[in-house]
Amino acid sequence: TNGVNAVSLVGYPEANIDPRFIQTTKDLPHQFPFNLDYNSGNPLGLGYLQTTVDKGVRSSSATSYLAPQFQNRKNLHVVVNTQVTRILQTKTRDGLPVFGSVEVGTNHSSTRVQFHATKEVILSAGVIGTPHILLNSGVGDSMELKAHGIKSVVNLPGVGKNFSDQPAAILQWLVNSTDTLDDFLRDPAVQEQYLAQYETNQTGPLGTSGNTFILYGRLSENSPAFRVSADPSSGHNSPHYEVFFANAGYISQATGNYFTCIVINVSPTSRGNVTLQSSNPFDSPLINPAMLSSQYDKVALRESAKQALQFVAAPAWKDYIIRADLGLQNATTDAELDQYILGFSLLSWHGVGTAAMSAKGAKYGVVDPDLRVKGASGIRVVDASVLPYVPAAHPQAAVYIVGERAADLIKAYWA
């Protein structure tokens, strides 16, 4: 690729399992077809995992968009060990409050310092930080702000609401192999060995993501998930679930070798929220992801887990899988599988939506399509919080697109 971020395939092949993945696409081609490039516009199927890694080194927004040549710009100053506490109204224009100053501090008792914007303030604190700052600034549900003694500047009930993340379940099996990464996870001597290898030439398991393949799939049209909810996916080419594989036990055990499937519901319907704990900006916000609070998410995650069970039941894994682990081997009914998932579920850290975008003039949402905060002037939000729905994928590229689009909007506005 020739973009700002490097994109590569995994550089640490796993000879004990990689051929089994390919063979499964041949044994079960209709259920698990091979997909050479899931970023081609057709995401469904099993394909080689694509990562933003360059020669064993992570290529991230920090290493690319804030690379040394950008850090050296005269108009960029990065302030460290500092937290934004509030964005302050400086005046009123055309009946709207204008937010023109940013207040920062280093801790609860530190002196607050203000920076003043000559044009506008761009808020990019993420799905948790952005609503936290807005609420402390008096932008949010006026009744909730009043309960904390915060003066309401803009009554926007959507701030901090609509939190959406992709719930996942851990499925783990004991396997007939010693060529896994389990010893790396539990043996300090092996960790030192791989660390020395990585520091020498950026190779080995520390220079990659830990797995070679990724699977995206859809549930059948007659799935029980669609008896409790309409299909929330964006269309027939959009996945309902992802399976992320690991050549080790995700839940590390003292002995044995394991294989893991992390099954992810990529189009969830549960919605949580981010609220204030107090009026002190240095008090952490209260985060309620409301994971699996919708009946659809519970059923869809269970039915997606069944797809992973069918994947490892393919002939290619017959001499490799010994038995399920963590109690999964006892989950033989839907009710038992539901209970198992509740005990081994987690979020994907793909949260979005707490400052959701909506149509200009809409009475819901937090920002307009130009990313300007509704009912205010002088402030834009540019991060994952503006996405009203989590993409049916890993949202990294979508968040970068928001940033790229915002840069174009801002440059055009002030040209």
# chains A, B, ... in the order shown; residues from 1 in each chain; ligands from 1
>>> closest_atom_pairs(of="region 64-140 of chain A", to="region 371-382 of chain A", cutoff="8 Å", atoms="only C-alpha atoms", output="tab-separated table")
residue	atom	partner	partner_atom	distance
A:Arg93	CA	A:Ser377	CA	7.8
A:Leu96	CA	A:Ala376	CA	5.3
A:Pro97	CA	A:Ala376	CA	5.3
A:Val98	CA	A:Ser377	CA	4.6
A:Phe99	CA	A:Gly378	CA	5.2
A:Gly100	CA	A:Gly378	CA	6.3
A:Lys119	CA	A:Gly378	CA	7.1
A:Glu120	CA	A:Gly378	CA	4.5
A:Val121	CA	A:Ile379	CA	4.7
A:Ile122	CA	A:Arg380	CA	5.0
A:Leu123	CA	A:Val381	CA	4.7
A:Ser124	CA	A:Val382	CA	5.1
A:Thr130	CA	A:Val381	CA	7.8
>>> write_last_selection(atoms="C-alpha atoms", output="compact mmCIF listing (two decimals), in the first residue's frame")
# COMPACT_ATOMS: atom_id res chain seq x y z
CA ARG A 93 -22.93 34.46 18.47
CA LEU A 96 -25.41 30.07 20.09
CA PRO A 97 -22.73 29.67 22.76
CA VAL A 98 -19.24 29.87 21.28
CA PHE A 99 -16.68 27.54 22.81
CA GLY A 100 -13.32 29.21 22.37
CA LYS A 119 -10.70 29.62 14.94
CA GLU A 120 -12.24 26.54 16.54
CA VAL A 121 -11.67 23.74 19.04
CA ILE A 122 -11.31 20.15 17.78
CA LEU A 123 -12.17 17.53 20.38
CA SER A 124 -10.62 14.12 19.76
CA THR A 130 -15.05 13.02 24.52
>>> closest_atom_pairs(of="region 284-342 of chain A", to="region 2-19 of chain A", cutoff="12 Å", atoms="only C-alpha atoms", output="tab-separated table")
residue	atom	partner	partner_atom	distance
A:Val312	CA	A:Ile17	CA	11.2
A:Ala316	CA	A:Pro19	CA	8.5
A:Trp317	CA	A:Ile17	CA	8.7
A:Lys318	CA	A:Ile17	CA	12.0
A:Asp319	CA	A:Ile17	CA	11.3
A:Tyr320	CA	A:Ile17	CA	8.7
A:Ile321	CA	A:Ile17	CA	10.8
>>> closest_atom_pairs(of="region 81-137 of chain A", to="region 285-301 of chain A", cutoff="9 Å", atoms="only C-alpha atoms", output="JSON lines")
{"residue": "A:Ile128", "atom": "CA", "partner": "A:Ile287", "partner_atom": "CA", "distance": 7.8}
{"residue": "A:Gly129", "atom": "CA", "partner": "A:Pro285", "partner_atom": "CA", "distance": 8.4}
{"residue": "A:His132", "atom": "CA", "partner": "A:Pro285", "partner_atom": "CA", "distance": 6.3}
>>> write_last_selection(atoms="all heavy atoms", output="PDB file, in the first residue's frame")
ATOM      1  N   ILE A 128     -14.769   7.464  25.162  1.00  0.00           N
ATOM      2  CA  ILE A 128     -14.958   7.688  26.597  1.00  0.00           C
ATOM      3  C   ILE A 128     -14.604   9.122  26.959  1.00  0.00           C
ATOM      4  O   ILE A 128     -15.363   9.820  27.643  1.00  0.00           O
ATOM      5  CB  ILE A 128     -14.085   6.718  27.428  1.00  0.00           C
ATOM      6  CG1 ILE A 128     -14.369   5.264  27.027  1.00  0.00           C
ATOM      7  CG2 ILE A 128     -14.328   6.931  28.917  1.00  0.00           C
ATOM      8  CD1 ILE A 128     -15.793   4.818  27.240  1.00  0.00           C
ATOM      9  N   GLY A 129     -13.456   9.591  26.515  1.00  0.00           N
ATOM     10  CA  GLY A 129     -12.984  10.914  26.900  1.00  0.00           C
ATOM     11  C   GLY A 129     -13.807  12.056  26.350  1.00  0.00           C
ATOM     12  O   GLY A 129     -14.015  13.069  27.037  1.00  0.00           O
ATOM     13  N   HIS A 132     -16.989  12.638  28.329  1.00  0.00           N
ATOM     14  CA  HIS A 132     -16.584  13.075  29.669  1.00  0.00           C
ATOM     15  C   HIS A 132     -16.257  14.562  29.668  1.00  0.00           C
ATOM     16  O   HIS A 132     -16.708  15.321  30.553  1.00  0.00           O
ATOM     17  CB  HIS A 132     -15.376  12.251  30.117  1.00  0.00           C
ATOM     18  CG  HIS A 132     -15.009  12.450  31.549  1.00  0.00           C
ATOM     19  ND1 HIS A 132     -13.697  12.494  31.983  1.00  0.00           N
ATOM     20  CD2 HIS A 132     -15.771  12.629  32.649  1.00  0.00           C
ATOM     21  CE1 HIS A 132     -13.675  12.684  33.302  1.00  0.00           C
ATOM     22  NE2 HIS A 132     -14.926  12.763  33.725  1.00  0.00           N
TER      23      HIS A 132
END
>>> residues_around(residues="Leu156 (chain A)", least_positions_apart="2", cutoff="10 Å", atoms="only C-alpha atoms", output="ChimeraX atom specification")
/A:134-135,138-142,152-154,158-160,355,363-367,373-375
>>> write_last_selection(atoms="C-alpha atoms", output="compact mmCIF listing (two decimals), in the first residue's frame")
# COMPACT_ATOMS: atom_id res chain seq x y z
CA LEU A 134 -18.41 17.61 27.00
CA LEU A 135 -20.43 16.77 30.10
CA GLY A 138 -22.01 21.76 30.43
CA VAL A 139 -22.88 20.05 27.16
CA GLY A 140 -25.27 17.15 27.73
CA ASP A 141 -28.58 16.28 29.36
CA SER A 142 -29.42 19.37 31.44
CA SER A 152 -26.06 23.52 31.45
CA VAL A 153 -24.68 25.44 28.48
CA VAL A 154 -26.12 23.23 25.70
CA GLY A 158 -27.42 12.38 23.41
CA VAL A 159 -23.99 13.12 24.89
CA GLY A 160 -22.62 9.91 26.40
CA ALA A 355 -21.27 11.73 20.44
CA LYS A 363 -33.36 16.60 17.37
CA TYR A 364 -31.29 13.54 18.28
CA GLY A 365 -27.55 12.94 18.11
CA VAL A 366 -24.67 15.18 19.14
CA VAL A 367 -22.91 16.38 15.99
CA VAL A 373 -21.62 20.04 17.97
CA LYS A 374 -25.34 20.76 17.66
CA GLY A 375 -26.59 23.91 19.35
